[in-house]
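A.B. asks: Before we start, here is the structure in question, set down as structure tokens.
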Amino acid sequence: MADAQKTATLTIDGQDYELPIYSPTAGPDVIDIRKLYGQAGVFTYDPGFTSTASTDSTITFIDGGKGELLHRGYPIDQLAGKSHYLEVCYLLLNGELPTSEQLEDFESRVTNHTMLHEQMMNFFRGFRRDAHPMAIMVGVVGAMSAFYHDSTDISDPWQREVASIRLIAKMPTIAAMAYKYHIGQPFVYPRNDLDYASNFLRMCFSVPAEEYQVNPILARAMDRIFTLHADHEQNASTSTVRLASSSGANPFACIAAGIACLWGPAHGGANQACLEMLREIGTVDRIPEFIARAKDKEDPFRLMGFGHRVYKNFDPRATVMKESADEVLELLGVDNNPVLQVAKELEKAALADPYFAEKKLFPNVDFYSGIILEAMGFPTSMFTPIFAMSRTVGWISQWKEQLSDPQLKIGRPRQLYQGETAREYVDIENR
């Protein structure tokens with residue numbers, strides 16, 4: 001961390017305390033309060049950590065006001081439009097775009113680690129037949145530490161590298177098998193002659209009874225979904241991975257913790273909530289009714305898939321995702337799917353309404369990704385698992401960065417205690 005160029009003065013009971021201020025390469029300045037408790041005996045209070053920088057990082061930067069998302073300095077729209085997921089994975093992990101030789105080597109290593117240990121098939125079959133795919137993913141990823149002992153030593157740089165490749169390579173296989181188990185179909189093994197996205201689609205939708213050909217438009221749309229969800233700075237699941245990592249947990253346990261956090265409907269379940277809203281609307285003729293409800297301050301209803309907590313202008317990922325949504329819907333059509341018909345008309349109605357434009361409630365990445373996944377044939381129960389496999393590289397990149405931080409210490413948030421003070425125990429007969 002660079003030396004502080006400025007300081008802030010905090011006065012408590014007439015006593016002044018000088019706090020260093022650090023200036024980042026982008027974003028707001030940060031006041032360093034690490035020594036505040038030792039010097040002044042006070043904590044800071046920030047529920048939800050909305051104004052707290054928990055770490056310094058060089059991976060991803062978001063400017064919500066400008067609608068900007070950068071991975072290692074590269075705008076997300078350029079990466080999604082000109083690159084592909086595994087190249088973005090290399091960028092996030094290593095800090096720079098690869099040469100052709102580096103990319104070929106990286107893709108080869110990922111491709112050759114897509115299979116799972118055969119004994120893990122028994123682990124899948126231990127779940128109830130109606131188990132949610134996210135429940136399966138949390139369990140299976142956590143169990144990887146029981147099958148891959150040679151990549152759990154976090155102090156060994158080579159084992160960290162092996163664990164990183166394994167997780168990126170095997171996560172699509174795990175997600176696809178969770179899906180197959182969920183719908184009662186036989187597992188489909190990965191194929192090394194297919195690209196990352198095509199391989200995943202084949203493992204999800206092919207069956208032994210007939211040949212399956214991956215449509216390149218669908219594969220490209222799938223790859224963009226992966227790319228646009230690869231990392232998103234210090235969000236809840238990434239912070240969970242970092243917190244678990246700070247205790248020295250093995251990489252598989254850390255990523256399983258991230259998956260568990262992502263499962264929450266306020267985080268990874270947003271695109272599923274969007275599709276459920278579209279089903280609630282039901283038909284195109286009911287859109288004006290729900291638009292009116294969204295504008296009514298007395299009505300708790302709100303349009304899911306519009307606006308974003310971080311992006312106060314527009315979600316830069318949504319522009320790219322809309323292109324894919326249009327391509328997929330043109331290919332697959334919406335005539336026989338009322339949900340997709342409602343989605344297209346709701347998008348038009350909201351974008352044409354001054355109320356939503358003034359409040360900057362534009363369709364976000366969750367709105368369009370849900371439309372694409374629905375059109376492809378994925379049930380809503382698979383939306384979050386696909387998000388998890390996409391975000392795995394971001395979690396791993398943040399995990400590796402944290403482990404190399406000389407300032408690393410176990411995470412230990414403080415609290416504003418509002419409970420009872422010390423009191424004497426009362427024997428049960430006297431209560």
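Ligands are numbered from 1 in the order shown, chains are lettered A, B, ... in the order of the structure tokens, and residues start at 1 in each chain.
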Quick one: everything within 7 Å of region 145-161 of chain A, counting only C-alpha atoms, minus sequence neighbours fewer than 5 positions away in the same chain. Send it as a list of chain:residue names.
C.D. replies: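 Using only C-alpha atoms, the neighbours found are A:Asn250, A:Pro251, A:Phe252.
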A.B. asks: Show which residues sit within 9 Å of region 228-233 of chain A, as a ChimeraX atom specification. Count only C-alpha atoms, and ignore same-chain residues fewer than 4 positions away.
C.D. replies: /A:57,59-62,69,71,76-77,79-80,85,88-89,92,223-224,238-239,317-318,320-321,365,387-395,397-398
A.B. asks: If you take only C-alpha atoms and a cut-off of 12 Å, which residues of region 231-319 of chain A touch region 165-174 of chain A, and what are their nearest atom pairs and distances in Å to one decimal, in chain and number order, as a Markdown table?
C.D. replies:
| residue | atom | partner | partner_atom | distance |
| --- | --- | --- | --- | --- |
| A:Pro251 | CA | A:Leu167 | CA | 8.9 |
| A:Phe252 | CA | A:Leu167 | CA | 7.9 |
| A:Ala253 | CA | A:Leu167 | CA | 11.4 |
| A:Cys254 | CA | A:Leu167 | CA | 11.3 |
| A:Ile255 | CA | A:Leu167 | CA | 8.7 |
| A:Ala256 | CA | A:Leu167 | CA | 10.7 |
| A:Ile259 | CA | A:Met171 | CA | 11.2 |
A.B. asks: CA of Ala175 (chain A) and CA of Ile386 (chain A) are how many Å apart?
C.D. replies: 7.0 Å
A.B. asks: So that I can check the surroundings of Tyr22 (chain A), please list as a ChimeraX atom specification every protein, DNA and RNA residue that reaches within 7 Å of it, counting only C-alpha atoms and ignoring chain neighbours fewer than 6 positions away.
C.D. replies: /A:4-5,29-31
A.B. asks: With N, CA and C atoms retained, could you export that selection as a compact mmCIF listing (two decimals), in the first residue's frame?
C.D. replies:
# COMPACT_ATOMS: atom_id res chain seq x y z
N ALA A 4 0.43 7.27 2.86
CA ALA A 4 -0.68 8.22 2.89
C ALA A 4 -0.19 9.62 2.56
N GLN A 5 -0.91 10.32 1.69
CA GLN A 5 -0.57 11.68 1.31
C GLN A 5 -1.36 12.72 2.09
N ASP A 29 -11.22 8.17 -1.92
CA ASP A 29 -10.16 7.99 -0.94
C ASP A 29 -10.65 7.12 0.20
N VAL A 30 -9.69 6.55 0.94
CA VAL A 30 -10.00 5.63 2.02
C VAL A 30 -9.31 6.09 3.29
N ILE A 31 -10.06 6.22 4.38
CA ILE A 31 -9.49 6.59 5.68
C ILE A 31 -9.09 5.31 6.41
A.B. asks: Separation of CA of Asp366 (chain A) and CA of Tyr196 (chain A), in Å?
C.D. replies: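 One can read the CA of Asp366 (chain A) to CA of Tyr196 (chain A) distance as 21.6 Å.
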A.B. asks: By how many Å are CA of Arg302 (chain A) and CA of Ala375 (chain A) apart?
C.D. replies: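 CA of Ala375 (chain A) lies 23.5 Å from CA of Arg302 (chain A).
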A.B. asks: Write out as a list of chain:residue names which residues come within 8 Å of region 350-353 of chain A when counting only C-alpha atoms, dropping same-chain ones fewer than 3 positions away.
C.D. replies: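 That gives A:Ile291, A:Leu346, A:Glu347, A:Phe356, A:Ala357, A:Phe362.
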A.B. asks: Okay, now the selection with all heavy atoms, as a PDB file, in the first residue's frame?
C.D. replies:
ATOM      1  N   ILE A 291     -46.751  -2.161 -14.349  1.00  0.00           N
ATOM      2  CA  ILE A 291     -45.990  -0.916 -14.460  1.00  0.00           C
ATOM      3  C   ILE A 291     -46.558   0.114 -13.490  1.00  0.00           C
ATOM      4  O   ILE A 291     -45.819   0.808 -12.776  1.00  0.00           O
ATOM      5  CB  ILE A 291     -46.038  -0.368 -15.905  1.00  0.00           C
ATOM      6  CG1 ILE A 291     -45.220  -1.260 -16.850  1.00  0.00           C
ATOM      7  CG2 ILE A 291     -45.540   1.074 -15.950  1.00  0.00           C
ATOM      8  CD1 ILE A 291     -43.742  -1.073 -16.781  1.00  0.00           C
ATOM      9  N   LEU A 346     -42.273  -6.031 -21.647  1.00  0.00           N
ATOM     10  CA  LEU A 346     -41.998  -5.284 -20.421  1.00  0.00           C
ATOM     11  C   LEU A 346     -40.755  -4.420 -20.599  1.00  0.00           C
ATOM     12  O   LEU A 346     -40.710  -3.273 -20.140  1.00  0.00           O
ATOM     13  CB  LEU A 346     -41.802  -6.250 -19.254  1.00  0.00           C
ATOM     14  CG  LEU A 346     -41.465  -5.605 -17.899  1.00  0.00           C
ATOM     15  CD1 LEU A 346     -42.609  -4.702 -17.448  1.00  0.00           C
ATOM     16  CD2 LEU A 346     -41.195  -6.682 -16.844  1.00  0.00           C
ATOM     17  N   GLU A 347     -39.756  -4.963 -21.259  1.00  0.00           N
ATOM     18  CA  GLU A 347     -38.543  -4.196 -21.537  1.00  0.00           C
ATOM     19  C   GLU A 347     -38.884  -2.937 -22.332  1.00  0.00           C
ATOM     20  O   GLU A 347     -38.449  -1.823 -21.990  1.00  0.00           O
ATOM     21  CB  GLU A 347     -37.549  -5.058 -22.319  1.00  0.00           C
ATOM     22  CG  GLU A 347     -36.295  -4.305 -22.753  1.00  0.00           C
ATOM     23  CD  GLU A 347     -35.534  -5.041 -23.848  1.00  0.00           C
ATOM     24  OE1 GLU A 347     -36.156  -5.811 -24.610  1.00  0.00           O
ATOM     25  OE2 GLU A 347     -34.321  -4.819 -23.944  1.00  0.00           O
ATOM     26  N   PHE A 356     -39.192   5.499 -15.228  1.00  0.00           N
ATOM     27  CA  PHE A 356     -38.057   4.595 -15.041  1.00  0.00           C
ATOM     28  C   PHE A 356     -36.753   5.225 -15.517  1.00  0.00           C
ATOM     29  O   PHE A 356     -35.695   4.991 -14.947  1.00  0.00           O
ATOM     30  CB  PHE A 356     -38.323   3.272 -15.761  1.00  0.00           C
ATOM     31  CG  PHE A 356     -39.473   2.502 -15.180  1.00  0.00           C
ATOM     32  CD1 PHE A 356     -40.733   2.576 -15.755  1.00  0.00           C
ATOM     33  CD2 PHE A 356     -39.305   1.729 -14.046  1.00  0.00           C
ATOM     34  CE1 PHE A 356     -41.798   1.880 -15.216  1.00  0.00           C
ATOM     35  CE2 PHE A 356     -40.370   1.032 -13.495  1.00  0.00           C
ATOM     36  CZ  PHE A 356     -41.621   1.109 -14.079  1.00  0.00           C
ATOM     37  N   ALA A 357     -36.843   6.038 -16.571  1.00  0.00           N
ATOM     38  CA  ALA A 357     -35.637   6.718 -17.060  1.00  0.00           C
ATOM     39  C   ALA A 357     -35.129   7.725 -16.036  1.00  0.00           C
ATOM     40  O   ALA A 357     -33.916   7.830 -15.784  1.00  0.00           O
ATOM     41  CB  ALA A 357     -35.942   7.417 -18.382  1.00  0.00           C
ATOM     42  N   PHE A 362     -33.031   0.915 -15.251  1.00  0.00           N
ATOM     43  CA  PHE A 362     -32.871   0.243 -16.531  1.00  0.00           C
ATOM     44  C   PHE A 362     -32.786  -1.272 -16.313  1.00  0.00           C
ATOM     45  O   PHE A 362     -32.401  -1.730 -15.224  1.00  0.00           O
ATOM     46  CB  PHE A 362     -31.601   0.729 -17.224  1.00  0.00           C
ATOM     47  CG  PHE A 362     -31.558   2.226 -17.419  1.00  0.00           C
ATOM     48  CD1 PHE A 362     -30.659   3.002 -16.709  1.00  0.00           C
ATOM     49  CD2 PHE A 362     -32.417   2.840 -18.311  1.00  0.00           C
ATOM     50  CE1 PHE A 362     -30.612   4.374 -16.892  1.00  0.00           C
ATOM     51  CE2 PHE A 362     -32.377   4.219 -18.493  1.00  0.00           C
ATOM     52  CZ  PHE A 362     -31.475   4.984 -17.782  1.00  0.00           C
TER      53      PHE A 362
END
A.B. asks: Compile the contact shell of region 270-279 of chain A as a ChimeraX atom specification: residues with an atom at most 6 Å away, counting only C-alpha atoms, same-chain residues fewer than 6 positions apart removed.
C.D. replies: /A:304-305,339,366-367,370,380
A.B. asks: Mind dumping the selected residues with all heavy atoms as a compact mmCIF listing (two decimals), in the first residue's frame?
C.D. replies:
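Below is the file that was written, result.txt:
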# COMPACT_ATOMS: atom_id res chain seq x y z
N MET A 304 -38.52 -6.67 -10.68
CA MET A 304 -37.27 -7.37 -10.52
C MET A 304 -36.49 -7.33 -11.84
O MET A 304 -37.07 -7.39 -12.92
CB MET A 304 -37.51 -8.82 -10.10
CG MET A 304 -38.31 -8.98 -8.83
SD MET A 304 -37.51 -8.21 -7.40
CE MET A 304 -36.00 -9.18 -7.28
N GLY A 305 -35.17 -7.21 -11.74
CA GLY A 305 -34.35 -7.16 -12.95
C GLY A 305 -34.16 -5.75 -13.48
O GLY A 305 -33.60 -5.57 -14.56
N VAL A 339 -43.71 -16.35 -21.19
CA VAL A 339 -42.79 -15.65 -20.31
C VAL A 339 -41.86 -14.75 -21.12
O VAL A 339 -41.62 -13.59 -20.76
CB VAL A 339 -41.96 -16.66 -19.47
CG1 VAL A 339 -40.88 -15.94 -18.68
CG2 VAL A 339 -42.87 -17.43 -18.53
N ASP A 366 -29.32 -9.27 -14.70
CA ASP A 366 -30.16 -10.38 -14.25
C ASP A 366 -31.40 -10.53 -15.12
O ASP A 366 -31.88 -11.64 -15.36
CB ASP A 366 -30.57 -10.17 -12.78
CG ASP A 366 -29.37 -10.17 -11.85
OD1 ASP A 366 -28.55 -11.09 -11.95
OD2 ASP A 366 -29.24 -9.24 -11.03
N PHE A 367 -31.94 -9.39 -15.58
CA PHE A 367 -33.13 -9.44 -16.43
C PHE A 367 -32.83 -10.19 -17.71
O PHE A 367 -33.54 -11.12 -18.11
CB PHE A 367 -33.59 -8.01 -16.74
CG PHE A 367 -34.83 -7.93 -17.60
CD1 PHE A 367 -36.08 -8.09 -17.04
CD2 PHE A 367 -34.74 -7.68 -18.96
CE1 PHE A 367 -37.22 -8.02 -17.82
CE2 PHE A 367 -35.87 -7.60 -19.75
CZ PHE A 367 -37.12 -7.77 -19.19
N GLY A 370 -31.65 -14.04 -17.26
CA GLY A 370 -32.78 -14.91 -16.99
C GLY A 370 -33.57 -15.24 -18.25
O GLY A 370 -33.99 -16.39 -18.46
N THR A 380 -35.48 -22.49 -13.60
CA THR A 380 -34.97 -21.42 -12.74
C THR A 380 -34.06 -21.96 -11.65
O THR A 380 -33.18 -21.23 -11.17
CB THR A 380 -36.13 -20.63 -12.11
OG1 THR A 380 -37.02 -21.54 -11.45
CG2 THR A 380 -36.90 -19.85 -13.16
A.B. asks: Can you pull out every residue within 10 Å of Asp32 (chain A), counting only C-alpha atoms, but drop anything in the same chain fewer than 2 positions away, and send it as a list of chain:residue names?
C.D. replies: A:Ala4, A:Thr7, A:Ala8, A:Glu18, A:Leu19, A:Pro20, A:Ile21, A:Tyr22, A:Asp29, A:Val30, A:Arg34, A:Lys35, A:Leu36, A:Thr52, A:Ala53
A.B. asks: Based on the selection just made, write N, CA, C and O atoms of those residues as a short mmCIF file (atom, residue, chain, number, x, y, z; two decimals), in the first residue's frame.
C.D. replies:
data_model
loop_
_atom_site.label_atom_id
_atom_site.label_comp_id
_atom_site.auth_asym_id
_atom_site.auth_seq_id
_atom_site.Cartn_x
_atom_site.Cartn_y
_atom_site.Cartn_z
N ALA A 4 0.43 7.27 2.86
CA ALA A 4 -0.68 8.22 2.89
C ALA A 4 -0.19 9.62 2.56
O ALA A 4 0.84 10.07 3.06
N THR A 7 -4.27 13.29 5.69
CA THR A 7 -4.78 12.74 6.94
C THR A 7 -6.14 13.36 7.24
O THR A 7 -6.47 14.45 6.75
N ALA A 8 -6.91 12.67 8.06
CA ALA A 8 -8.17 13.18 8.56
C ALA A 8 -8.05 13.29 10.07
O ALA A 8 -7.37 12.47 10.72
N GLU A 18 -5.18 11.61 14.41
CA GLU A 18 -4.84 11.74 13.01
C GLU A 18 -4.96 10.39 12.32
O GLU A 18 -4.33 9.41 12.74
N LEU A 19 -5.77 10.33 11.28
CA LEU A 19 -6.00 9.08 10.56
C LEU A 19 -5.47 9.22 9.13
O LEU A 19 -5.81 10.18 8.43
N PRO A 20 -4.63 8.28 8.67
CA PRO A 20 -4.09 8.36 7.32
C PRO A 20 -5.20 8.22 6.27
O PRO A 20 -6.18 7.50 6.47
N ILE A 21 -5.03 8.92 5.15
CA ILE A 21 -5.94 8.80 4.02
C ILE A 21 -5.15 8.31 2.83
O ILE A 21 -4.12 8.89 2.46
N TYR A 22 -5.61 7.21 2.22
CA TYR A 22 -4.95 6.64 1.05
C TYR A 22 -5.78 6.94 -0.19
O TYR A 22 -7.01 6.88 -0.16
N ASP A 29 -11.22 8.17 -1.92
CA ASP A 29 -10.16 7.99 -0.94
C ASP A 29 -10.65 7.12 0.20
O ASP A 29 -11.86 6.98 0.44
N VAL A 30 -9.69 6.55 0.94
CA VAL A 30 -10.00 5.63 2.02
C VAL A 30 -9.31 6.09 3.29
O VAL A 30 -8.09 6.33 3.29
N ARG A 34 -7.35 1.42 11.15
CA ARG A 34 -6.87 0.20 11.79
C ARG A 34 -6.36 0.43 13.22
O ARG A 34 -6.48 -0.45 14.07
N LYS A 35 -5.79 1.60 13.49
CA LYS A 35 -5.24 1.86 14.82
C LYS A 35 -6.19 2.65 15.70
O LYS A 35 -5.83 3.02 16.83
N LEU A 36 -7.40 2.91 15.22
CA LEU A 36 -8.33 3.75 15.96
C LEU A 36 -8.72 3.15 17.31
O LEU A 36 -8.73 3.86 18.32
N THR A 52 -17.18 0.70 3.97
CA THR A 52 -15.93 0.16 4.50
C THR A 52 -15.17 -0.60 3.43
O THR A 52 -15.73 -1.48 2.77
N ALA A 53 -13.90 -0.27 3.26
CA ALA A 53 -13.01 -1.03 2.38
C ALA A 53 -12.34 -2.11 3.23
O ALA A 53 -11.56 -1.81 4.12
#
